[in-house]
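K.L.:
Quick one, upload_16.pdb (PDB, C-alpha atoms):
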```pdb
ATOM      1  CA  MET A 227      86.884  35.463  67.164  1.00  0.00           C
ATOM      2  CA  ASN A 228      85.292  34.612  70.505  1.00  0.00           C
ATOM      3  CA  LYS A 229      87.982  36.523  72.351  1.00  0.00           C
ATOM      4  CA  LYS A 230      87.274  39.690  70.344  1.00  0.00           C
ATOM      5  CA  ILE A 231      83.548  39.420  71.036  1.00  0.00           C
ATOM      6  CA  LEU A 232      84.243  38.905  74.733  1.00  0.00           C
ATOM      7  CA  ASN A 233      86.532  41.964  74.789  1.00  0.00           C
ATOM      8  CA  ILE A 234      83.875  44.068  73.056  1.00  0.00           C
ATOM      9  CA  VAL A 235      81.216  42.935  75.530  1.00  0.00           C
ATOM     10  CA  ILE A 236      83.483  43.707  78.494  1.00  0.00           C
ATOM     11  CA  LEU A 237      84.322  47.127  77.055  1.00  0.00           C
ATOM     12  CA  PHE A 238      80.625  47.832  76.457  1.00  0.00           C
ATOM     13  CA  LEU A 239      79.708  46.811  80.031  1.00  0.00           C
ATOM     14  CA  PHE A 240      82.503  48.971  81.447  1.00  0.00           C
ATOM     15  CA  ALA A 241      81.352  51.976  79.389  1.00  0.00           C
ATOM     16  CA  LEU A 242      77.743  51.342  80.465  1.00  0.00           C
ATOM     17  CA  PHE A 243      78.808  51.179  84.104  1.00  0.00           C
ATOM     18  CA  ILE A 244      80.707  54.488  83.868  1.00  0.00           C
ATOM     19  CA  PHE A 245      77.780  56.160  82.073  1.00  0.00           C
ATOM     20  CA  LEU A 246      75.227  54.987  84.648  1.00  0.00           C
ATOM     21  CA  LEU A 247      77.514  55.946  87.491  1.00  0.00           C
ATOM     22  CA  PHE A 248      77.797  59.538  86.275  1.00  0.00           C
ATOM     23  CA  TYR A 249      74.130  59.672  85.283  1.00  0.00           C
ATOM     24  CA  PHE A 250      72.877  58.762  88.764  1.00  0.00           C
ATOM     25  CA  TYR A 251      75.609  60.588  90.684  1.00  0.00           C
ATOM     26  CA  PHE A 252      74.965  63.931  88.968  1.00  0.00           C
ATOM     27  CA  SER A 253      71.191  63.551  88.845  1.00  0.00           C
ATOM     28  CA  GLU A 254      69.072  66.276  90.409  1.00  0.00           C
ATOM     29  CA  LYS A 255      67.455  63.801  92.814  1.00  0.00           C
ATOM     30  CA  ASN A 256      70.815  62.646  94.190  1.00  0.00           C
ATOM     31  CA  ILE A 257      72.073  66.213  94.597  1.00  0.00           C
ATOM     32  CA  LEU A 258      68.926  67.202  96.525  1.00  0.00           C
ATOM     33  CA  ASN A 259      69.149  64.130  98.765  1.00  0.00           C
ATOM     34  CA  THR A 260      72.814  64.797  99.478  1.00  0.00           C
ATOM     35  CA  ASN A 261      72.183  68.448 100.404  1.00  0.00           C
ATOM     36  CA  LYS A 262      69.224  67.464 102.584  1.00  0.00           C
ATOM     37  CA  SER A 263      71.289  64.846 104.395  1.00  0.00           C
ATOM     38  CA  ARG A 264      74.130  67.288 104.997  1.00  0.00           C
ATOM     39  CA  SER A 265      71.836  69.973 106.387  1.00  0.00           C
ATOM     40  CA  LEU A 266      70.120  67.486 108.718  1.00  0.00           C
ATOM     41  CA  SER A 267      73.496  66.253 109.928  1.00  0.00           C
ATOM     42  CA  SER A 268      74.571  69.819 110.627  1.00  0.00           C
ATOM     43  CA  ILE A 269      71.389  70.539 112.591  1.00  0.00           C
ATOM     44  CA  ASN A 270      71.705  67.316 114.580  1.00  0.00           C
ATOM     45  CA  PHE A 271      75.324  68.128 115.369  1.00  0.00           C
ATOM     46  CA  LYS A 272      74.399  71.568 116.710  1.00  0.00           C
ATOM     47  CA  VAL A 273      71.557  70.150 118.822  1.00  0.00           C
ATOM     48  CA  ASN A 274      73.788  67.442 120.281  1.00  0.00           C
ATOM     49  CA  LEU A 275      76.563  69.958 120.935  1.00  0.00           C
ATOM     50  CA  TYR A 276      74.317  72.061 123.169  1.00  0.00           C
ATOM     51  CA  ASN A 277      73.060  68.983 125.045  1.00  0.00           C
ATOM     52  CA  LEU A 278      76.511  67.824 126.152  1.00  0.00           C
ATOM     53  CA  PRO A 279      76.895  67.640 129.930  1.00  0.00           C
ATOM     54  CA  LEU A 280      79.718  69.570 131.575  1.00  0.00           C
ATOM     55  CA  LEU A 281      81.936  67.437 133.779  1.00  0.00           C
ATOM     56  CA  LYS A 282      83.332  68.667 137.076  1.00  0.00           C
ATOM     57  CA  SER A 283      87.109  68.952 137.203  1.00  0.00           C
ATOM     58  CA  ASP A 284      88.672  66.300 139.436  1.00  0.00           C
ATOM     59  CA  THR A 285      92.317  67.278 139.015  1.00  0.00           C
ATOM     60  CA  ASN A 286      92.829  68.904 142.414  1.00  0.00           C
ATOM     61  CA  ASN A 287      95.822  67.744 144.482  1.00  0.00           C
ATOM     62  CA  VAL A 288      97.300  65.694 141.659  1.00  0.00           C
ATOM     63  CA  THR A 289     101.065  65.240 141.657  1.00  0.00           C
ATOM     64  CA  ASP A 290     103.065  65.429 138.505  1.00  0.00           C
ATOM     65  CA  LYS A 291     104.466  62.063 137.471  1.00  0.00           C
ATOM     66  CA  ALA A 292     107.523  63.665 135.830  1.00  0.00           C
ATOM     67  CA  GLU A 293     108.669  65.118 139.180  1.00  0.00           C
ATOM     68  CA  ASN A 294     108.461  61.722 140.875  1.00  0.00           C
ATOM     69  CA  ASP A 295     110.272  60.018 138.008  1.00  0.00           C
ATOM     70  CA  GLU A 296     113.244  62.377 138.178  1.00  0.00           C
ATOM     71  CA  LYS A 297     113.768  61.663 141.882  1.00  0.00           C
ATOM     72  CA  ASN A 298     113.651  57.889 141.487  1.00  0.00           C
ATOM     73  CA  LYS A 299     115.443  57.712 138.168  1.00  0.00           C
ATOM     74  CA  LYS A 300     118.221  55.167 138.067  1.00  0.00           C
ATOM     75  CA  LYS A 301     121.451  56.415 136.546  1.00  0.00           C
ATOM     76  CA  TYR A 302     122.663  54.179 133.753  1.00  0.00           C
ATOM     77  CA  ASN A 303     126.251  54.064 132.592  1.00  0.00           C
ATOM     78  CA  LEU A 304     126.527  55.270 129.081  1.00  0.00           C
ATOM     79  CA  PHE A 305     128.683  53.525 126.537  1.00  0.00           C
ATOM     80  CA  TRP A 306     131.150  56.433 126.366  1.00  0.00           C
ATOM     81  CA  ASP A 307     131.498  56.512 130.162  1.00  0.00           C
ATOM     82  CA  LEU A 308     132.528  52.864 130.073  1.00  0.00           C
ATOM     83  CA  ILE A 309     135.149  53.554 127.405  1.00  0.00           C
ATOM     84  CA  LYS A 310     136.636  56.493 129.363  1.00  0.00           C
ATOM     85  CA  ASN A 311     137.117  54.284 132.391  1.00  0.00           C
TER      86      ASN A 311
END
```
What's the structure tokens form of this structure?

P.N.:
Amino acid sequence: MNKKILNIVILFLFALFIFLLFYFYFSEKNILNTNKSRSLSSINFKVNLYNLPLLKSDTNNVTDKAENDEKNKKKYNLFWDLIKN
């Protein structure tokens, strides 16, 4: 008997939670606040985008690491080369 009452109470609380969740999520006040927040974020993003400093390129006279690696690369004996010998 007590277990059935407990199950009914838990089911009722779960249903109440789901109802309140949808009620507040789809309320007009929440929708307006969400749209307002999104528009302010968009405006702030655009303002910050135009205020970004441009950095001077410092990549002059830089050597490519891949070219240096190919010259100094150690040749390893492959497994098949060992079998052929």

K.L.:
In Å, how far is it from CA of Ile257 (chain A) to CA of Phe245 (chain A)?

P.N.:
17.0 Å

K.L.:
Kindly give the distance, in Å, that separates CA of Lys230 (chain A) and CA of Tyr249 (chain A), rounded to a single decimal.

P.N.:
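Going from CA of Lys230 (chain A) over to CA of Tyr249 (chain A), I get 28.2 Å.
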
K.L.:
I'd like the interatomic distance between CA of Phe250 (chain A) and CA of Leu237 (chain A), to a tenth of an Å.

P.N.:
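Straight-line distance from CA of Phe250 (chain A) to CA of Leu237 (chain A) works out to 20.1 Å.
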